[in-house]
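*Asks:* Take this structure first; my questions come after.
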Amino acid sequence: MFLSDRLDKGKAAALAASQRPVTPIAGAEPSKAAAWKTIPSWYLVATDDRTIGTENLRFMAKRAGSTTVEVDAPHAVLETNPDAVTHLILQAAHDNRPSLAKTGTSTTRTAALGGAAALAVAAGAVLVIRTRRSGSGA
């Protein structure tokens, strides 16, 4: 099962109803370069994943040389164990391995792009707020 019995029935039903089917192109589109081959990666293995399978997850994490954390959770670990997901993200963010150097991206360029993205999000939020306040939907 996708969620096991870890969420209440209402939440599970809403998630099931909103799940879109996979498209044929999803498995046929070629990927370019696998990032995990050149930069550090982190992997959360859900030990009750009945969709992909725990052993498959462990295999992929090992193949990628990932820093791995295992959590007693189903496939939708983000829904059932958000704290474990957050902890792994923070662990990755605070790791001191040089990930940007291997990709050729400078920290200055990354900071500039991050700043530009933050400004774009803020500008979009201002536009939404102004549009809602003015009452015009277009």
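As shown in the structure tokens, the chain order sets the letters A, B, ...; within each chain, residues go from 1, and ligands are also counted from 1 in the order they appear.
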When DSSP is applied to the backbone of this structure, which of chain A are assigned strand (DSSP E or B)? Write them out as a compact mmCIF listing (two decimals) with C-alpha atoms, in the first residue's frame.

*Replies:*
# COMPACT_ATOMS: atom_id res chain seq x y z
CA TRP A 42 21.65 11.97 0.70
CA TYR A 43 19.03 9.26 0.67
CA LEU A 44 16.12 8.54 2.96
CA VAL A 45 15.17 4.86 2.86
CA ALA A 46 11.59 4.23 3.96
CA THR A 67 24.71 9.33 3.01
CA THR A 68 21.76 7.17 3.99
CA VAL A 69 19.19 7.41 6.76
CA GLU A 70 16.57 4.71 7.29
CA VAL A 71 13.15 5.54 8.69

*Asks:* Within 12 Å of Arg6 of chain A, counting only C-alpha atoms, which residues qualify if same-chain residues fewer than 2 places away don't, as a count of residues only?

*Replies:* 21

*Asks:* Mind giving me the straight-line distance from atom CA of Asp83 of chain A to atom CA of Gln19 of chain A in Å, one decimal?

*Replies:* 22.9 Å

*Asks:* Report as a PDB file with N, CA and C atoms, in the first residue's frame: the residues of segment 15-119 of chain A with a DSSP assignment of alpha helix (DSSP H), based on the backbone of this structure.

*Replies:*
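Saved result, selection10.pdb, follows:
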ATOM      1  N   LEU A  15      -5.326  12.163  -0.875  1.00  0.00           N
ATOM      2  CA  LEU A  15      -4.087  11.930  -1.619  1.00  0.00           C
ATOM      3  C   LEU A  15      -4.311  10.960  -2.772  1.00  0.00           C
ATOM      4  N   ALA A  16      -5.082   9.912  -2.529  1.00  0.00           N
ATOM      5  CA  ALA A  16      -5.363   8.925  -3.586  1.00  0.00           C
ATOM      6  C   ALA A  16      -6.149   9.566  -4.725  1.00  0.00           C
ATOM      7  N   ALA A  17      -7.118  10.416  -4.388  1.00  0.00           N
ATOM      8  CA  ALA A  17      -7.947  11.054  -5.407  1.00  0.00           C
ATOM      9  C   ALA A  17      -7.156  12.052  -6.248  1.00  0.00           C
ATOM     10  N   SER A  18      -6.131  12.664  -5.676  1.00  0.00           N
ATOM     11  CA  SER A  18      -5.360  13.669  -6.400  1.00  0.00           C
ATOM     12  C   SER A  18      -4.148  13.096  -7.120  1.00  0.00           C
ATOM     13  N   PRO A  24       3.204   8.004 -20.436  1.00  0.00           N
ATOM     14  CA  PRO A  24       4.157   7.133 -21.146  1.00  0.00           C
ATOM     15  C   PRO A  24       5.536   7.762 -21.316  1.00  0.00           C
ATOM     16  N   ILE A  25       5.600   9.073 -21.453  1.00  0.00           N
ATOM     17  CA  ILE A  25       6.889   9.744 -21.658  1.00  0.00           C
ATOM     18  C   ILE A  25       7.773   9.690 -20.420  1.00  0.00           C
ATOM     19  N   ALA A  26       7.171   9.526 -19.247  1.00  0.00           N
ATOM     20  CA  ALA A  26       7.935   9.562 -17.997  1.00  0.00           C
ATOM     21  C   ALA A  26       9.058   8.529 -17.976  1.00  0.00           C
ATOM     22  N   GLY A  27       8.820   7.351 -18.485  1.00  0.00           N
ATOM     23  CA  GLY A  27       9.854   6.323 -18.480  1.00  0.00           C
ATOM     24  C   GLY A  27      10.698   6.294 -19.735  1.00  0.00           C
ATOM     25  N   ALA A  28      10.286   7.039 -20.756  1.00  0.00           N
ATOM     26  CA  ALA A  28      10.982   6.982 -22.033  1.00  0.00           C
ATOM     27  C   ALA A  28      11.924   8.155 -22.267  1.00  0.00           C
ATOM     28  N   THR A  54      11.866  -1.542  -0.174  1.00  0.00           N
ATOM     29  CA  THR A  54      12.976  -1.107   0.668  1.00  0.00           C
ATOM     30  C   THR A  54      14.327  -1.564   0.118  1.00  0.00           C
ATOM     31  N   GLU A  55      14.414  -2.790  -0.352  1.00  0.00           N
ATOM     32  CA  GLU A  55      15.703  -3.273  -0.876  1.00  0.00           C
ATOM     33  C   GLU A  55      16.111  -2.519  -2.133  1.00  0.00           C
ATOM     34  N   ASN A  56      15.140  -2.141  -2.965  1.00  0.00           N
ATOM     35  CA  ASN A  56      15.457  -1.333  -4.145  1.00  0.00           C
ATOM     36  C   ASN A  56      15.981   0.035  -3.735  1.00  0.00           C
ATOM     37  N   LEU A  57      15.376   0.630  -2.720  1.00  0.00           N
ATOM     38  CA  LEU A  57      15.838   1.926  -2.230  1.00  0.00           C
ATOM     39  C   LEU A  57      17.259   1.823  -1.689  1.00  0.00           C
ATOM     40  N   ARG A  58      17.513   0.775  -0.921  1.00  0.00           N
ATOM     41  CA  ARG A  58      18.871   0.577  -0.378  1.00  0.00           C
ATOM     42  C   ARG A  58      19.892   0.404  -1.500  1.00  0.00           C
ATOM     43  N   PHE A  59      19.516  -0.337  -2.534  1.00  0.00           N
ATOM     44  CA  PHE A  59      20.411  -0.551  -3.679  1.00  0.00           C
ATOM     45  C   PHE A  59      20.753   0.774  -4.350  1.00  0.00           C
ATOM     46  N   MET A  60      19.723   1.604  -4.595  1.00  0.00           N
ATOM     47  CA  MET A  60      19.962   2.884  -5.270  1.00  0.00           C
ATOM     48  C   MET A  60      20.819   3.816  -4.418  1.00  0.00           C
ATOM     49  N   ALA A  61      20.578   3.823  -3.119  1.00  0.00           N
ATOM     50  CA  ALA A  61      21.368   4.669  -2.218  1.00  0.00           C
ATOM     51  C   ALA A  61      22.828   4.215  -2.208  1.00  0.00           C
ATOM     52  N   LYS A  62      23.041   2.914  -2.156  1.00  0.00           N
ATOM     53  CA  LYS A  62      24.404   2.379  -2.134  1.00  0.00           C
ATOM     54  C   LYS A  62      25.117   2.672  -3.450  1.00  0.00           C
ATOM     55  N   ARG A  63      24.413   2.475  -4.558  1.00  0.00           N
ATOM     56  CA  ARG A  63      25.011   2.718  -5.873  1.00  0.00           C
ATOM     57  C   ARG A  63      25.447   4.171  -6.011  1.00  0.00           C
ATOM     58  N   ALA A  64      24.671   5.083  -5.447  1.00  0.00           N
ATOM     59  CA  ALA A  64      24.981   6.510  -5.535  1.00  0.00           C
ATOM     60  C   ALA A  64      26.016   6.945  -4.505  1.00  0.00           C
ATOM     61  N   VAL A  77       6.761   8.956   2.762  1.00  0.00           N
ATOM     62  CA  VAL A  77       7.414   9.339   4.010  1.00  0.00           C
ATOM     63  C   VAL A  77       7.266  10.833   4.288  1.00  0.00           C
ATOM     64  N   LEU A  78       7.186  11.652   3.252  1.00  0.00           N
ATOM     65  CA  LEU A  78       7.009  13.082   3.457  1.00  0.00           C
ATOM     66  C   LEU A  78       5.692  13.378   4.160  1.00  0.00           C
ATOM     67  N   GLU A  79       4.671  12.587   3.895  1.00  0.00           N
ATOM     68  CA  GLU A  79       3.371  12.774   4.532  1.00  0.00           C
ATOM     69  C   GLU A  79       3.339  12.207   5.950  1.00  0.00           C
ATOM     70  N   THR A  80       3.984  11.074   6.141  1.00  0.00           N
ATOM     71  CA  THR A  80       3.878  10.382   7.427  1.00  0.00           C
ATOM     72  C   THR A  80       4.965  10.745   8.423  1.00  0.00           C
ATOM     73  N   PRO A  82       7.305  13.816   8.295  1.00  0.00           N
ATOM     74  CA  PRO A  82       7.943  15.031   7.768  1.00  0.00           C
ATOM     75  C   PRO A  82       9.160  15.476   8.572  1.00  0.00           C
ATOM     76  N   ASP A  83       9.189  15.190   9.863  1.00  0.00           N
ATOM     77  CA  ASP A  83      10.343  15.588  10.666  1.00  0.00           C
ATOM     78  C   ASP A  83      11.608  14.851  10.240  1.00  0.00           C
ATOM     79  N   ALA A  84      11.477  13.578   9.884  1.00  0.00           N
ATOM     80  CA  ALA A  84      12.637  12.807   9.431  1.00  0.00           C
ATOM     81  C   ALA A  84      13.161  13.351   8.106  1.00  0.00           C
ATOM     82  N   VAL A  85      12.259  13.741   7.229  1.00  0.00           N
ATOM     83  CA  VAL A  85      12.657  14.321   5.945  1.00  0.00           C
ATOM     84  C   VAL A  85      13.372  15.652   6.176  1.00  0.00           C
ATOM     85  N   THR A  86      12.799  16.490   7.023  1.00  0.00           N
ATOM     86  CA  THR A  86      13.408  17.784   7.341  1.00  0.00           C
ATOM     87  C   THR A  86      14.795  17.601   7.942  1.00  0.00           C
ATOM     88  N   HIS A  87      14.934  16.649   8.843  1.00  0.00           N
ATOM     89  CA  HIS A  87      16.229  16.393   9.478  1.00  0.00           C
ATOM     90  C   HIS A  87      17.282  16.007   8.435  1.00  0.00           C
ATOM     91  N   LEU A  88      16.916  15.160   7.487  1.00  0.00           N
ATOM     92  CA  LEU A  88      17.872  14.745   6.457  1.00  0.00           C
ATOM     93  C   LEU A  88      18.256  15.920   5.562  1.00  0.00           C
ATOM     94  N   ILE A  89      17.289  16.766   5.222  1.00  0.00           N
ATOM     95  CA  ILE A  89      17.591  17.945   4.403  1.00  0.00           C
ATOM     96  C   ILE A  89      18.553  18.869   5.140  1.00  0.00           C
ATOM     97  N   LEU A  90      18.304  19.076   6.421  1.00  0.00           N
ATOM     98  CA  LEU A  90      19.196  19.935   7.206  1.00  0.00           C
ATOM     99  C   LEU A  90      20.580  19.311   7.342  1.00  0.00           C
ATOM    100  N   GLN A  91      20.648  18.005   7.485  1.00  0.00           N
ATOM    101  CA  GLN A  91      21.936  17.307   7.548  1.00  0.00           C
ATOM    102  C   GLN A  91      22.711  17.544   6.257  1.00  0.00           C
ATOM    103  N   ALA A  92      22.034  17.433   5.128  1.00  0.00           N
ATOM    104  CA  ALA A  92      22.691  17.651   3.838  1.00  0.00           C
ATOM    105  C   ALA A  92      23.138  19.103   3.692  1.00  0.00           C
ATOM    106  N   ALA A  93      22.301  20.030   4.144  1.00  0.00           N
ATOM    107  CA  ALA A  93      22.630  21.448   4.023  1.00  0.00           C
ATOM    108  C   ALA A  93      23.847  21.834   4.852  1.00  0.00           C
ATOM    109  N   SER A  99      30.520  20.271  -2.590  1.00  0.00           N
ATOM    110  CA  SER A  99      29.656  19.825  -3.673  1.00  0.00           C
ATOM    111  C   SER A  99      29.645  20.788  -4.854  1.00  0.00           C
ATOM    112  N   LEU A 100      29.699  22.089  -4.615  1.00  0.00           N
ATOM    113  CA  LEU A 100      29.629  23.034  -5.723  1.00  0.00           C
ATOM    114  C   LEU A 100      30.897  23.029  -6.564  1.00  0.00           C
ATOM    115  N   ALA A 101      32.039  22.796  -5.937  1.00  0.00           N
ATOM    116  CA  ALA A 101      33.299  22.811  -6.672  1.00  0.00           C
ATOM    117  C   ALA A 101      33.316  21.750  -7.762  1.00  0.00           C
ATOM    118  N   LYS A 102      32.716  20.623  -7.525  1.00  0.00           N
ATOM    119  CA  LYS A 102      32.739  19.538  -8.497  1.00  0.00           C
ATOM    120  C   LYS A 102      31.829  19.808  -9.689  1.00  0.00           C
ATOM    121  N   THR A 103      30.864  20.690  -9.548  1.00  0.00           N
ATOM    122  CA  THR A 103      29.955  20.967 -10.648  1.00  0.00           C
ATOM    123  C   THR A 103      30.417  22.139 -11.490  1.00  0.00           C
ATOM    124  N   THR A 107      30.310  29.786  -5.887  1.00  0.00           N
ATOM    125  CA  THR A 107      29.387  30.167  -4.815  1.00  0.00           C
ATOM    126  C   THR A 107      28.828  31.564  -5.062  1.00  0.00           C
ATOM    127  N   THR A 108      29.596  32.447  -5.708  1.00  0.00           N
ATOM    128  CA  THR A 108      29.106  33.789  -6.019  1.00  0.00           C
ATOM    129  C   THR A 108      27.931  33.711  -6.991  1.00  0.00           C
ATOM    130  N   ARG A 109      28.094  32.921  -8.025  1.00  0.00           N
ATOM    131  CA  ARG A 109      27.018  32.775  -9.013  1.00  0.00           C
ATOM    132  C   ARG A 109      25.796  32.132  -8.370  1.00  0.00           C
ATOM    133  N   THR A 110      26.018  31.123  -7.542  1.00  0.00           N
ATOM    134  CA  THR A 110      24.911  30.460  -6.869  1.00  0.00           C
ATOM    135  C   THR A 110      24.171  31.429  -5.967  1.00  0.00           C
ATOM    136  N   ALA A 111      24.917  32.256  -5.223  1.00  0.00           N
ATOM    137  CA  ALA A 111      24.291  33.245  -4.346  1.00  0.00           C
ATOM    138  C   ALA A 111      23.505  34.266  -5.159  1.00  0.00           C
ATOM    139  N   ALA A 112      24.057  34.690  -6.285  1.00  0.00           N
ATOM    140  CA  ALA A 112      23.363  35.669  -7.127  1.00  0.00           C
ATOM    141  C   ALA A 112      22.078  35.082  -7.689  1.00  0.00           C
ATOM    142  N   LEU A 113      22.143  33.849  -8.165  1.00  0.00           N
ATOM    143  CA  LEU A 113      20.939  33.195  -8.695  1.00  0.00           C
ATOM    144  C   LEU A 113      19.904  32.978  -7.598  1.00  0.00           C
ATOM    145  N   GLY A 114      20.367  32.605  -6.419  1.00  0.00           N
ATOM    146  CA  GLY A 114      19.456  32.425  -5.294  1.00  0.00           C
ATOM    147  C   GLY A 114      18.781  33.723  -4.915  1.00  0.00           C
ATOM    148  N   GLY A 115      19.551  34.807  -4.902  1.00  0.00           N
ATOM    149  CA  GLY A 115      18.991  36.122  -4.604  1.00  0.00           C
ATOM    150  C   GLY A 115      17.979  36.552  -5.648  1.00  0.00           C
ATOM    151  N   ALA A 116      18.296  36.311  -6.929  1.00  0.00           N
ATOM    152  CA  ALA A 116      17.364  36.659  -7.997  1.00  0.00           C
ATOM    153  C   ALA A 116      16.076  35.852  -7.875  1.00  0.00           C
ATOM    154  N   ALA A 117      16.200  34.576  -7.527  1.00  0.00           N
ATOM    155  CA  ALA A 117      15.016  33.736  -7.357  1.00  0.00           C
ATOM    156  C   ALA A 117      14.162  34.242  -6.199  1.00  0.00           C
ATOM    157  N   ALA A 118      14.799  34.626  -5.105  1.00  0.00           N
ATOM    158  CA  ALA A 118      14.061  35.147  -3.950  1.00  0.00           C
ATOM    159  C   ALA A 118      13.331  36.428  -4.313  1.00  0.00           C
ATOM    160  N   LEU A 119      13.974  37.312  -5.076  1.00  0.00           N
ATOM    161  CA  LEU A 119      13.327  38.551  -5.508  1.00  0.00           C
ATOM    162  C   LEU A 119      12.141  38.259  -6.422  1.00  0.00           C
TER     163      LEU A 119
END

*Asks:* One decimal, Å: what's the distance from atom CA of Ser41 of chain A over to atom CA of Glu29 of chain A, could you say?

*Replies:*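 Calculated distance between atom CA of Ser41 of chain A and atom CA of Glu29 of chain A is 22.7 Å.
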
*Asks:* Please indicate the distance in Å from atom CA of Thr38 of chain A to atom CA of Asp95 of chain A, rounded to one decimal place.

*Replies:*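 Those two atoms sit 15.7 Å apart.
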
*Asks:* Please determine, counting only C-alpha atoms, which residue among A:Ser134, A:Gly65, A:Ala125, A:His94 has the shortest atom-to-atom distance to Ile39 of chain A.

*Replies:*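 When distances to Ile39 of chain A are compared using only C-alpha atoms, the smallest one comes from A:Gly65.
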